[in-house]
Amino acid sequence: MTVLILLLCLSGCSNKDKQAFYGVYTFDKVRYLPPLSSSTIGFVNEYFKGTKYTIEKDLFKIENPDLIEIKSPNYVKEAISENITELSNVRSFIGNDEIEYQYTIYNNDGNKTYYRLYILSDCVLIALYQDKPSINGSDIMNIYKLSN
């Protein structure tokens, strides 16, 4: 009995820093492209087909023709800004009630990257965005649905 209790405690401790969204994902489909994008949804879906996303405590990595790797990232849970522009209103692109959490990804130097995770009840979305210091909010460039 003591051994069983010890095993349960150890297994609970090993997941202490594990976020529910950690895992290895693949690109599923485009969820949003800006209206003035020079690409079509079909083109982007085909281009990113097979792209692998690693989202773990010690690594954020996107494996496609351009490798993006952030070692020791910091996933910061943030409230969705109420100061929005037409191109930064994530709720209008995804759905008003679907988003459970938003995480901005910071690199190991504490600087914001241009990636943000949106955690929904049934999937993980990743957004590429561009900060606009002179405008409230950040313009969302793309939002992709990931599958595991």
# chains A, B, ... in the order shown; residues from 1 in each chain; ligands from 1

$ residues_around --residues "Phe21 of chain A" --least-positions-apart "3" --cutoff "9 Å" --atoms "only C-alpha atoms" --output "ChimeraX atom specification"
/A:18,55-56,119,123-124

$ write_last_selection --atoms "N, CA and C atoms" --output "CSV table (one decimal), in the first residue's frame"
chain,number,residue,atom,x,y,z
A,18,LYS,N,3.5,20.6,-16.2
A,18,LYS,CA,3.0,20.3,-17.5
A,18,LYS,C,1.7,21.0,-17.8
A,55,ILE,N,5.3,22.1,-28.8
A,55,ILE,CA,5.0,23.0,-27.7
A,55,ILE,C,5.2,22.3,-26.4
A,56,GLU,N,6.4,22.6,-25.8
A,56,GLU,CA,6.8,21.9,-24.5
A,56,GLU,C,7.4,23.0,-23.6
A,119,ILE,N,-6.3,28.6,-26.6
A,119,ILE,CA,-6.7,27.3,-26.2
A,119,ILE,C,-8.2,27.2,-26.2
A,123,CYS,N,-9.5,22.2,-29.3
A,123,CYS,CA,-8.3,22.3,-30.1
A,123,CYS,C,-7.3,23.4,-29.6
A,124,VAL,N,-6.2,23.5,-30.2
A,124,VAL,CA,-5.2,24.5,-30.0
A,124,VAL,C,-5.0,25.3,-31.3

$ residues_around --residues "Lys77 of chain A" --least-positions-apart "3" --cutoff "7 Å" --atoms "only C-alpha atoms" --output "ChimeraX atom specification"
/A:101-104

$ write_last_selection --atoms "N, CA and C atoms" --output "PDB file, in the first residue's frame"
ATOM      1  N   TYR A 101      -8.394  30.143 -23.170  1.00  0.00           N
ATOM      2  CA  TYR A 101      -7.175  30.785 -22.688  1.00  0.00           C
ATOM      3  C   TYR A 101      -6.388  31.357 -23.854  1.00  0.00           C
ATOM      4  N   GLN A 102      -5.609  32.387 -23.554  1.00  0.00           N
ATOM      5  CA  GLN A 102      -4.677  32.967 -24.509  1.00  0.00           C
ATOM      6  C   GLN A 102      -3.301  32.975 -23.853  1.00  0.00           C
ATOM      7  N   TYR A 103      -2.303  32.496 -24.570  1.00  0.00           N
ATOM      8  CA  TYR A 103      -0.932  32.500 -24.072  1.00  0.00           C
ATOM      9  C   TYR A 103      -0.046  33.210 -25.080  1.00  0.00           C
ATOM     10  N   THR A 104       0.651  34.238 -24.639  1.00  0.00           N
ATOM     11  CA  THR A 104       1.658  34.876 -25.466  1.00  0.00           C
ATOM     12  C   THR A 104       2.971  34.168 -25.206  1.00  0.00           C
TER      13      THR A 104
END

$ closest_residue --among "A:Leu120, A:Ile62, A:Ile70, A:Ile140" --to "Gly50 of chain A" --atoms "only C-alpha atoms"
A:Ile62

$ closest_residue --among "A:Val24, A:Asp66, A:Thr113, A:Ala79" --to "Leu128 of chain A" --atoms "only C-alpha atoms"
A:Thr113

$ closest_residue --among "A:Tyr129, A:Phe27, A:Tyr106, A:Tyr115" --to "Tyr53 of chain A" --atoms "only C-alpha atoms"
A:Phe27

$ closest_residue --among "A:Ile41, A:Tyr22, A:Ser147, A:Arg31" --to "Asp58 of chain A" --atoms "only C-alpha atoms"
A:Tyr22

$ residues_around --residues "Gly110 of chain A" --least-positions-apart "2" --cutoff "12 Å" --atoms "only C-alpha atoms" --output "list in words"
Ile70, Lys71, Ser72, Pro73, Asn74, Tyr75, Val76, Thr104, Ile105, Tyr106, Asn107, Asn108, Lys112 and Thr113 of chain A

$ closest_residue --among "A:Met141, A:Ile126, A:Val44, A:Leu67" --to "Tyr25 of chain A" --atoms "only C-alpha atoms"
A:Ile126

$ closest_residue --among "A:Asp122, A:Ala20, A:Arg116, A:Lys52" --to "Ile143 of chain A" --atoms "only C-alpha atoms"
A:Arg116
